[in-house]
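Chemist: Have a look at the structure that comes next, please.
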Amino acid sequence: MKEIKAFIKPNRINRVIDALTDNGFKSMTLSQAEGTGAFKAKDARPSLDFRVTDSPVVKLELVCQNEEAQAAIDIIVANGKTEEPGDGIIYIANIEDAFQIKTGDSLKRYGL
């Protein structure tokens, strides 16, 4: 299994979610975040909450089968990019196993 973490501009997240969902990626987690990437907007101001960042982003996380990862990446790139710098980044990690909280059962045995 692969875990995909993508940091996406807020104005592109609905487009990314819709495209992922339309292509069979139904389960994902979204979080509001702020980044300190290399790109700095001309009118960027520090966050009132964090006071150290200048770039609001949405963190999208999903787990998929190894063979599905490239399709998810392609969808995120195609729907998340803009004409401006600082569109975000995608990280990929291997997932050794996952467990249901209710039962403690490994999802690995179900092929997930």
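Ligands are numbered from 1 in the order shown, chains are lettered A, B, ... in the order of the structure tokens, and residues start at 1 in each chain.
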Would you pick out the contacts of Ala6 (chain A) at 9 Å or less, using only C-alpha atoms, so that residues sharing its chain but fewer than 3 positions from it are not included, and give the list as a ChimeraX atom specification?
Modeler: /A:58-62,73,76,88-92
Chemist: So which residues touch Asn79 (chain A) within 7 Å, counting only C-alpha atoms, skipping near sequence neighbours fewer than 3 positions away, as a PyMOL selection string?
Modeler: chain A and resi 15-16+75-76
Chemist: Using Å and a single decimal, report how far CA of Phe25 (chain A) sits from CA of Gln100 (chain A).
Modeler: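 Between these atoms lies a distance of 19.0 Å.
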Chemist: Report the distance between CA of Gln70 (chain A) and CA of Thr82 (chain A) in Å, rounded to one decimal place.
Modeler: 20.0 Å
Chemist: Using only C-alpha atoms, can you tell me which of A:Val63, A:Met1, A:Gly86, A:Gly80 comes closest to Asn14 (chain A)?
Modeler: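 Looking only at the distances to Asn14 (chain A), the closest residue turns out to be A:Gly80.
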Chemist: To one decimal place in Å, what is the distance between CA of Met28 (chain A) and CA of Ile101 (chain A)?
Modeler: 17.0 Å
Chemist: Restricting the calculation to only C-alpha atoms, which member of A:Asp97, A:Asp87, A:Glu3, A:Glu34 is positioned closest to Asn66 (chain A)?
Modeler: A:Glu3
